[in-house]
$ cat data07.csv   # CSV, C-alpha atoms
chain,number,residue,atom,x,y,z
D,1,MET,CA,-27.8,-41.7,3.4
D,2,ALA,CA,-28.6,-38.0,3.9
D,3,ASN,CA,-30.9,-38.7,6.9
D,4,MET,CA,-28.2,-41.0,8.3
D,5,ALA,CA,-25.6,-38.3,7.9
D,6,THR,CA,-27.9,-35.7,9.6
D,7,GLU,CA,-28.2,-38.0,12.6
D,8,GLN,CA,-24.4,-38.2,12.7
D,9,LEU,CA,-24.0,-34.5,12.7
D,10,GLY,CA,-24.3,-34.4,16.4
D,11,ALA,CA,-24.4,-31.2,18.4
D,12,LEU,CA,-25.3,-28.0,16.7
D,13,GLY,CA,-22.5,-25.5,15.9
D,14,SER,CA,-22.5,-21.9,16.9
D,15,ALA,CA,-24.0,-20.7,13.5
D,16,MET,CA,-26.9,-23.2,13.7
D,17,SER,CA,-27.5,-22.3,17.4
D,18,ALA,CA,-28.0,-18.7,16.4
D,19,LEU,CA,-31.0,-19.6,14.2
D,20,THR,CA,-34.7,-20.1,15.1
D,21,ASP,CA,-36.1,-23.6,15.1
D,22,LYS,CA,-37.8,-23.0,11.8
D,23,GLN,CA,-34.6,-21.6,10.2
D,24,ARG,CA,-32.6,-24.5,11.5
D,25,ARG,CA,-35.1,-27.0,10.0
D,26,TYR,CA,-34.8,-25.1,6.7
D,27,VAL,CA,-31.0,-25.5,6.7
D,28,ILE,CA,-31.1,-29.2,7.5
D,29,ALA,CA,-33.8,-29.8,4.9
D,30,LEU,CA,-31.6,-28.2,2.3
D,31,PHE,CA,-29.2,-31.2,2.7
D,32,GLU,CA,-32.1,-33.7,2.7
D,33,ALA,CA,-33.7,-32.5,-0.5
D,34,PRO,CA,-34.3,-35.5,-2.8
D,35,LYS,CA,-32.9,-33.7,-5.8
D,36,THR,CA,-30.9,-30.6,-6.5
D,37,HIS,CA,-33.6,-28.9,-8.6
D,38,GLY,CA,-36.2,-27.4,-6.3
D,39,ALA,CA,-34.2,-28.2,-3.2
D,40,MET,CA,-34.8,-24.7,-1.7
D,41,THR,CA,-38.6,-25.0,-2.3
D,42,PHE,CA,-38.5,-28.4,-0.8
D,43,ALA,CA,-36.6,-27.2,2.3
D,44,ALA,CA,-38.9,-24.2,2.8
D,45,ARG,CA,-41.9,-26.4,2.8
D,46,ARG,CA,-40.3,-29.1,5.0
D,47,ALA,CA,-39.3,-26.3,7.5
D,48,GLY,CA,-42.9,-25.2,7.7
D,49,TYR,CA,-42.7,-21.9,5.7
D,50,GLY,CA,-45.9,-20.9,3.8
D,51,THR,CA,-49.2,-22.7,4.1
D,52,ALA,CA,-50.5,-25.9,2.6
D,53,SER,CA,-51.8,-23.9,-0.3
D,54,SER,CA,-48.7,-21.9,-0.9
D,55,SER,CA,-47.5,-22.1,-4.5
D,56,ARG,CA,-44.0,-23.3,-5.5
D,57,GLN,CA,-43.3,-19.8,-6.6
D,58,SER,CA,-44.1,-18.1,-3.3
D,59,LEU,CA,-42.1,-20.8,-1.4
D,60,SER,CA,-39.2,-20.3,-3.8
D,61,GLN,CA,-39.3,-16.5,-3.0
D,62,MET,CA,-39.3,-17.3,0.7
D,63,ALA,CA,-36.3,-19.6,0.3
D,64,HIS,CA,-34.4,-16.9,-1.7
D,65,GLN,CA,-35.0,-14.5,1.2
D,66,LEU,CA,-33.8,-17.0,3.7
D,67,ASN,CA,-30.7,-17.8,1.6
D,68,GLY,CA,-29.8,-14.1,1.6
D,69,ASP,CA,-29.7,-14.0,5.4
D,70,PRO,CA,-26.0,-14.0,6.5
D,71,LYS,CA,-27.0,-16.1,9.5
D,72,ILE,CA,-28.5,-18.7,7.3
D,73,GLN,CA,-25.4,-18.6,5.0
D,74,ALA,CA,-23.1,-19.1,8.0
D,75,ALA,CA,-25.2,-22.0,9.1
D,76,ILE,CA,-25.2,-23.6,5.7
D,77,SER,CA,-21.4,-23.3,5.6
D,78,GLU,CA,-21.1,-24.8,9.0
D,79,VAL,CA,-23.4,-27.8,8.2
D,80,SER,CA,-21.7,-28.3,4.9
D,81,GLN,CA,-18.4,-28.7,6.7
D,82,GLN,CA,-19.9,-31.2,9.1
D,83,TYR,CA,-21.5,-33.2,6.2
D,84,ILE,CA,-18.2,-33.4,4.4
D,85,THR,CA,-16.5,-34.7,7.5
D,86,VAL,CA,-19.3,-37.2,8.1
D,87,LEU,CA,-19.5,-38.4,4.5
D,88,GLY,CA,-15.7,-39.1,4.5
D,89,PRO,CA,-16.1,-42.8,5.5
D,90,HIS,CA,-18.9,-43.3,3.0
D,91,ALA,CA,-16.7,-42.0,0.2
D,92,VAL,CA,-13.8,-44.2,1.3
D,93,ARG,CA,-16.1,-47.3,1.4
D,94,ALA,CA,-17.4,-46.5,-2.1
D,95,LEU,CA,-13.9,-46.1,-3.4
D,96,LYS,CA,-12.9,-49.4,-1.8
D,97,ARG,CA,-15.9,-51.2,-3.4
D,98,LEU,CA,-14.8,-49.8,-6.8
D,99,LEU,CA,-11.2,-51.0,-6.3
D,100,ASP,CA,-12.6,-54.5,-5.6
D,101,LYS,CA,-14.2,-54.6,-9.0
D,102,PRO,CA,-11.4,-54.7,-11.6
D,103,ASP,CA,-13.9,-55.0,-14.5
D,104,HIS,CA,-15.7,-51.7,-13.5
D,105,ARG,CA,-15.1,-49.0,-16.1
D,106,ASP,CA,-13.9,-46.5,-13.4
D,107,HIS,CA,-11.7,-49.0,-11.7
D,108,GLY,CA,-8.6,-47.4,-13.2
D,109,ARG,CA,-9.6,-43.9,-12.2
D,110,ALA,CA,-10.2,-45.1,-8.6
D,111,LEU,CA,-6.8,-46.7,-8.6
D,112,GLY,CA,-5.3,-43.5,-9.8
D,113,ILE,CA,-7.1,-41.5,-7.1
D,114,VAL,CA,-5.7,-43.8,-4.4
D,115,MET,CA,-2.2,-43.9,-5.9
D,116,ASP,CA,-2.1,-40.1,-6.2
D,117,ARG,CA,-2.6,-39.9,-2.4
D,118,VAL,CA,-0.5,-42.8,-1.4
D,119,ALA,CA,2.5,-42.0,-3.6
D,120,PRO,CA,2.1,-38.6,-5.3
D,121,ALA,CA,4.0,-38.0,-8.4
D,122,ALA,CA,6.9,-35.6,-7.8
D,123,SER,CA,8.5,-33.5,-10.4
D,124,THR,CA,11.4,-31.0,-10.2
D,125,LEU,CA,11.4,-27.8,-12.2
D,126,THR,CA,14.5,-25.8,-12.5
D,127,VAL,CA,14.1,-22.2,-13.5
D,128,LYS,CA,17.1,-20.3,-14.7
D,129,HIS,CA,16.7,-16.6,-14.7
D,130,GLU,CA,19.3,-14.3,-16.2
D,131,GLY,CA,19.2,-10.6,-15.9
D,132,GLU,CA,21.4,-7.6,-15.8
D,133,VAL,CA,21.2,-4.8,-13.3
D,134,LYS,CA,22.6,-1.5,-14.5
D,135,PHE,CA,23.4,1.5,-12.3
D,136,SER,CA,23.6,4.9,-13.7
D,137,GLN,CA,26.7,5.6,-11.6
D,138,ASP,CA,28.8,3.6,-9.3
D,139,ALA,CA,27.1,3.9,-5.9
D,140,SER,CA,30.4,4.5,-4.1
D,141,VAL,CA,31.1,7.4,-6.4
D,142,VAL,CA,27.7,8.9,-5.8
D,143,LEU,CA,28.0,8.6,-2.0
D,144,ALA,CA,31.5,10.0,-2.0
D,145,ARG,CA,30.3,13.0,-4.0
D,146,ILE,CA,27.3,13.5,-1.7
D,147,GLU,CA,29.6,13.5,1.3
D,148,LYS,CA,31.9,16.0,-0.3
D,149,LEU,CA,29.1,18.4,-1.2
D,150,CYS,CA,27.5,18.0,2.2
D,151,ALA,CA,30.8,19.0,3.8
D,152,LYS,CA,31.3,21.8,1.4
D,153,PHE,CA,27.9,23.4,2.2
D,154,ALA,CA,27.8,22.3,5.8
D,155,ILE,CA,24.7,20.1,5.4
D,156,PRO,CA,24.3,17.5,8.1
D,157,LEU,CA,23.4,14.1,6.5
D,158,PRO,CA,20.3,12.6,8.1
D,159,ALA,CA,21.1,9.8,10.6
D,160,PRO,CA,21.0,6.3,8.9
D,161,LYS,CA,18.0,4.1,9.5
D,162,ILE,CA,18.5,1.6,12.2
D,163,ILE,CA,16.8,-1.8,11.9
D,164,ASP,CA,17.3,-4.2,14.8
D,165,HIS,CA,20.4,-2.4,16.0
D,166,GLU,CA,22.0,-2.6,12.6
D,167,ALA,CA,22.4,0.1,9.9
D,168,ALA,CA,19.9,-0.4,7.1
W,1,MET,CA,23.7,45.6,-1.2
W,2,MET,CA,23.1,42.3,-2.7
W,3,SER,CA,21.4,41.8,-6.0
W,4,LYS,CA,17.8,40.6,-6.0
W,5,GLY,CA,18.9,37.3,-7.6
W,6,HIS,CA,21.5,36.6,-4.8
W,7,VAL,CA,18.9,37.4,-2.1
W,8,TYR,CA,16.3,35.0,-3.3
W,9,THR,CA,19.1,32.4,-4.0
W,10,LEU,CA,20.0,32.5,-0.3
W,11,VAL,CA,16.4,31.7,0.5
W,12,MET,CA,16.4,29.0,-2.1
W,13,ALA,CA,19.5,27.5,-0.6
W,14,SER,CA,17.9,27.5,2.8
W,15,HIS,CA,14.9,25.7,1.4
W,16,LEU,CA,17.1,23.2,-0.5
W,17,LYS,CA,18.9,22.4,2.7
W,18,ARG,CA,15.6,21.7,4.4
W,19,VAL,CA,14.7,19.3,1.6
W,20,LEU,CA,18.0,17.6,2.0
W,21,GLN,CA,17.1,16.8,5.6
W,22,GLY,CA,14.5,14.4,4.4
W,23,GLU,CA,14.8,10.8,3.4
W,24,MET,CA,15.6,10.2,-0.3
W,25,SER,CA,17.6,8.1,-2.6
W,26,ALA,CA,21.3,8.8,-3.1
W,27,ASP,CA,20.6,9.8,-6.7
W,28,TRP,CA,18.0,12.4,-5.6
W,29,ARG,CA,20.3,13.7,-2.9
W,30,LEU,CA,23.1,14.2,-5.3
W,31,THR,CA,20.7,16.0,-7.7
W,32,PHE,CA,19.7,18.5,-5.0
W,33,LEU,CA,23.3,19.0,-3.9
W,34,SER,CA,24.2,19.7,-7.5
W,35,HIS,CA,21.6,22.4,-7.6
W,36,LEU,CA,23.1,23.9,-4.5
W,37,GLU,CA,26.5,23.7,-6.2
W,38,LYS,CA,25.2,25.6,-9.2
W,39,MET,CA,24.3,28.5,-6.9
W,40,VAL,CA,27.9,29.2,-6.2
W,41,ASP,CA,29.4,32.2,-7.8
W,42,GLN,CA,31.8,35.0,-6.8
W,43,THR,CA,29.2,36.5,-4.4
W,44,LEU,CA,27.6,33.4,-3.0
W,45,THR,CA,30.8,31.4,-2.3
W,46,PRO,CA,30.7,27.9,-0.8
W,47,GLU,CA,31.5,29.5,2.6
W,48,ILE,CA,28.5,31.8,2.4
W,49,LEU,CA,26.2,29.0,1.4
W,50,ALA,CA,27.6,26.9,4.2
W,51,MET,CA,26.5,29.6,6.7
W,52,VAL,CA,22.9,29.2,5.6
W,53,GLU,CA,20.9,26.8,7.8
W,54,PRO,CA,17.9,24.7,6.7
W,55,MET,CA,14.6,26.5,6.6
W,56,ASP,CA,12.3,25.8,9.5
W,57,GLU,CA,8.6,24.9,9.4
W,58,GLY,CA,7.4,28.5,9.3
W,59,GLY,CA,9.7,29.4,6.5
W,60,ALA,CA,8.7,26.4,4.5
W,61,GLU,CA,5.0,27.4,4.9
W,62,LEU,CA,5.8,30.8,3.6
W,63,PHE,CA,7.9,29.4,0.8
W,64,ASN,CA,5.1,27.1,-0.2
W,65,GLU,CA,2.7,30.0,-0.4
W,66,ALA,CA,5.2,31.9,-2.6
W,67,ALA,CA,5.7,28.9,-4.8
W,68,LYS,CA,2.0,29.0,-5.7
W,69,LEU,CA,2.9,31.9,-8.0
W,70,GLY,CA,5.2,29.7,-10.0
W,71,PHE,CA,8.9,30.1,-10.8
W,72,LYS,CA,8.4,30.9,-14.5
W,73,VAL,CA,8.5,34.3,-16.0
W,74,VAL,CA,5.0,35.2,-17.4
W,75,ILE,CA,4.5,38.3,-19.5
W,76,GLU,CA,0.9,39.4,-19.6
W,77,PRO,CA,0.1,41.5,-22.7
W,78,GLY,CA,-0.5,45.1,-21.6
W,79,VAL,CA,0.4,44.4,-18.0
W,80,GLY,CA,4.0,43.3,-18.2
W,81,ARG,CA,5.8,40.7,-16.2
W,82,ARG,CA,3.6,39.0,-13.6
W,83,PRO,CA,5.1,38.7,-10.1
W,84,ASP,CA,6.4,35.2,-9.5
W,85,ALA,CA,7.7,33.3,-6.5
W,86,PHE,CA,11.2,34.8,-6.8
W,87,ASP,CA,9.8,38.2,-6.3
W,88,VAL,CA,8.1,37.1,-3.1
W,89,LEU,CA,11.3,35.4,-1.8
W,90,TYR,CA,13.2,38.6,-2.4
W,91,GLN,CA,10.5,41.0,-1.0
W,92,LYS,CA,10.0,38.8,2.1
W,93,PHE,CA,13.7,38.2,2.7
W,94,ASP,CA,13.4,40.0,6.1
W,95,VAL,CA,10.6,37.6,7.1
W,96,PHE,CA,12.6,34.6,6.1
W,97,ALA,CA,15.7,36.0,7.9
W,98,ALA,CA,13.6,36.6,11.0
W,99,LEU,CA,12.6,32.9,11.0
W,100,ASN,CA,16.1,31.8,10.0
W,101,PRO,CA,18.8,34.3,11.4
W,102,SER,CA,21.5,32.4,9.4
W,103,LEU,CA,20.2,34.1,6.3
W,104,ARG,CA,20.8,37.5,7.8
W,105,ARG,CA,24.3,36.5,8.9
W,106,ALA,CA,25.1,35.2,5.3
W,107,TYR,CA,23.7,38.4,3.9
W,108,ASP,CA,25.8,40.6,6.2
W,109,GLU,CA,28.9,38.5,5.4
W,110,VAL,CA,28.4,39.1,1.7
W,111,CYS,CA,28.0,42.8,2.2
W,112,ARG,CA,30.8,43.2,4.8
W,113,PRO,CA,33.6,43.9,2.2
W,114,TRP,CA,31.5,46.6,0.5
W,115,LEU,CA,30.5,48.2,3.8
W,116,ARG,CA,34.2,48.2,4.9
W,117,ALA,CA,35.2,49.8,1.6
W,118,ALA,CA,32.5,52.4,1.9
W,119,SER,CA,33.4,53.4,5.4
$ encode --input "data07.csv" --output "structure tokens"
Amino acid sequence: MANMATEQLGALGSAMSALTDKQRRYVIALFEAPKTHGAMTFAARRAGYGTASSSRQSLSQMAHQLNGDPKIQAAISEVSQQYITVLGPHAVRALKRLLDKPDHRDHGRALGIVMDRVAPAASTLTVKHEGEVKFSQDASVVLARIEKLCAKFAIPLPAPKIIDHEAA
Amino acid sequence: MMSKGHVYTLVMASHLKRVLQGEMSADWRLTFLSHLEKMVDQTLTPEILAMVEPMDEGGAELFNEAAKLGFKVVIEPGVGRRPDAFDVLYQKFDVFAALNPSLRRAYDEVCRPWLRAAS
């Protein structure tokens, strides 16, 4: 299935185009590795890194170096996205097969997955928040006192802030 | 002649008015205005304080330098009272007045009755 998906990936994205042929082969091989454990070593060998006599350890080190390269990381991210898109129909078909088998142990779970997407359960939560805001003094009293004192000592009050032609 | 305390209070009033030109909450504005109100006495009347204009940039720079001495009275054993910011405000009143002529006008207004009586 992985090989089939690779064929379906189509044109290379910008991140993959920025890589050398060898690096590109490495990224694609990562997705074609037969098993998760040792996938990086497999990909390094498949891409042509090392020699025929290179040990697994040296190939692993090369793979780690490759994975640390931001360009390689960007390419992995790009190809992952393409894979997920391409694998969508496969996943849907697998789910459909599962739904067709009522005696399968995961039939109920498959049904639940589909139902969650077709008719998601809705719930309403009402939050009541009560609080009390206390002011040390009444704002109008404070402002009136400020104006009085400003007038008394001939202090011009700064112009009020204007936001969108309205006083803030 | 004005007392030393009244002289530096004039400078303080000028600085306070500068501070009040900035943006601040109503509570803080009222706090500063209350400080200004506490400066009022029989010599520095509200009319005199109203004559004082806010300190300018140069005055504020000088004030900030003086403030580095602190506003608390510090007595050093064997030496006596250490000069503080108020001493500088008093001694440099002429400089503050040159930068802010309203200080001189307020000073002269305070002294005017005494000068008239003396003449």
$ atom_distance --input "data07.csv" --atom1 "atom CA of W:Val40" --atom2 "atom CA of W:Arg81"
26.8 Å
$ interface_residues --input "data07.csv" --of "chain D" --to "chain W" --cutoff "8 Å" --atoms "only C-alpha atoms" --output "list in words"
Val142, Leu143, Arg145, Ile146, Leu149, Cys150, Lys152, Phe153, Ala154, Ile155, Pro156, Leu157 and Pro158 of chain D
$ closest_residue --input "data07.csv" --among "D:Ile76, D:Leu125, D:Ala94, D:Ile113" --to "D:Tyr26" --atoms "all atoms listed in the file"
D:Ile76
$ residues_near_point --input "data07.csv" --point "(10.2, 30.1, -11.8)" --cutoff "7 Å" --atoms "all atoms listed in the file" --output "PDB file with C-alpha atoms, keeping the file's coordinate frame"
ATOM      1  CA  GLY W  70       5.200  29.700 -10.000  1.00  0.00           C
ATOM      2  CA  PHE W  71       8.900  30.100 -10.800  1.00  0.00           C
ATOM      3  CA  LYS W  72       8.400  30.900 -14.500  1.00  0.00           C
ATOM      4  CA  VAL W  73       8.500  34.300 -16.000  1.00  0.00           C
ATOM      5  CA  ASP W  84       6.400  35.200  -9.500  1.00  0.00           C
ATOM      6  CA  ALA W  85       7.700  33.300  -6.500  1.00  0.00           C
ATOM      7  CA  PHE W  86      11.200  34.800  -6.800  1.00  0.00           C
TER       8      PHE W  86
END
$ residues_around --input "data07.csv" --residues "D:Arg25" --least-positions-apart "6" --cutoff "9 Å" --atoms "only C-alpha atoms" --output "list in words"
Ala43, Ala44, Arg46, Ala47 and Gly48 of chain D
$ residues_around --input "data07.csv" --residues "D:Arg56" --least-positions-apart "4" --cutoff "12 Å" --atoms "only C-alpha atoms" --output "short mmCIF file (atom, residue, chain, number, x, y, z; two decimals) with C-alpha atoms, in the coordinates of the input"
data_model
loop_
_atom_site.label_atom_id
_atom_site.label_comp_id
_atom_site.auth_asym_id
_atom_site.auth_seq_id
_atom_site.Cartn_x
_atom_site.Cartn_y
_atom_site.Cartn_z
CA GLY D 38 -36.20 -27.40 -6.30
CA ALA D 39 -34.20 -28.20 -3.20
CA MET D 40 -34.80 -24.70 -1.70
CA THR D 41 -38.60 -25.00 -2.30
CA PHE D 42 -38.50 -28.40 -0.80
CA ALA D 43 -36.60 -27.20 2.30
CA ALA D 44 -38.90 -24.20 2.80
CA ARG D 45 -41.90 -26.40 2.80
CA TYR D 49 -42.70 -21.90 5.70
CA GLY D 50 -45.90 -20.90 3.80
CA THR D 51 -49.20 -22.70 4.10
CA ALA D 52 -50.50 -25.90 2.60
CA SER D 60 -39.20 -20.30 -3.80
CA GLN D 61 -39.30 -16.50 -3.00
CA MET D 62 -39.30 -17.30 0.70
CA ALA D 63 -36.30 -19.60 0.30
#
$ atom_distance --input "data07.csv" --atom1 "atom CA of W:Val7" --atom2 "atom CA of W:Tyr90"
5.8 Å
$ residues_around --input "data07.csv" --residues "W:Met2" --least-positions-apart "6" --cutoff "12 Å" --atoms "only C-alpha atoms" --output "list in words"
Tyr8, Thr9, Leu10, Thr43, Leu44, Tyr90, Phe93, Arg104, Ala106, Tyr107, Asp108, Glu109, Val110, Cys111, Arg112, Pro113, Trp114 and Leu115 of chain W
$ write_last_selection --input "data07.csv" --atoms "C-alpha atoms" --output "short mmCIF file (atom, residue, chain, number, x, y, z; two decimals), in the frame of the given file"
data_model
loop_
_atom_site.label_atom_id
_atom_site.label_comp_id
_atom_site.auth_asym_id
_atom_site.auth_seq_id
_atom_site.Cartn_x
_atom_site.Cartn_y
_atom_site.Cartn_z
CA TYR W 8 16.30 35.00 -3.30
CA THR W 9 19.10 32.40 -4.00
CA LEU W 10 20.00 32.50 -0.30
CA THR W 43 29.20 36.50 -4.40
CA LEU W 44 27.60 33.40 -3.00
CA TYR W 90 13.20 38.60 -2.40
CA PHE W 93 13.70 38.20 2.70
CA ARG W 104 20.80 37.50 7.80
CA ALA W 106 25.10 35.20 5.30
CA TYR W 107 23.70 38.40 3.90
CA ASP W 108 25.80 40.60 6.20
CA GLU W 109 28.90 38.50 5.40
CA VAL W 110 28.40 39.10 1.70
CA CYS W 111 28.00 42.80 2.20
CA ARG W 112 30.80 43.20 4.80
CA PRO W 113 33.60 43.90 2.20
CA TRP W 114 31.50 46.60 0.50
CA LEU W 115 30.50 48.20 3.80
#
$ atom_distance --input "data07.csv" --atom1 "atom CA of D:Arg24" --atom2 "atom CA of D:Leu59"
16.4 Å
$ closest_residue --input "data07.csv" --among "W:Asp56, W:Glu61, W:Asp41, W:Asp94" --to "W:Ser14" --atoms "only C-alpha atoms"
W:Asp56
$ closest_residue --input "data07.csv" --among "W:Ala118, W:Leu103, W:Val19, W:Val88" --to "W:Glu57" --atoms "all atoms listed in the file"
W:Val19
$ residues_around --input "data07.csv" --residues "stretch 114-120 of chain D" --least-positions-apart "6" --cutoff "10 Å" --atoms "all atoms listed in the file" --output "ChimeraX atom specification"
/D:92,95-96,99,108
$ closest_residue --input "data07.csv" --among "D:Ala139, D:Ala144, D:Phe31, D:Gln57" --to "W:Ser25" --atoms "all atoms listed in the file"
D:Ala139
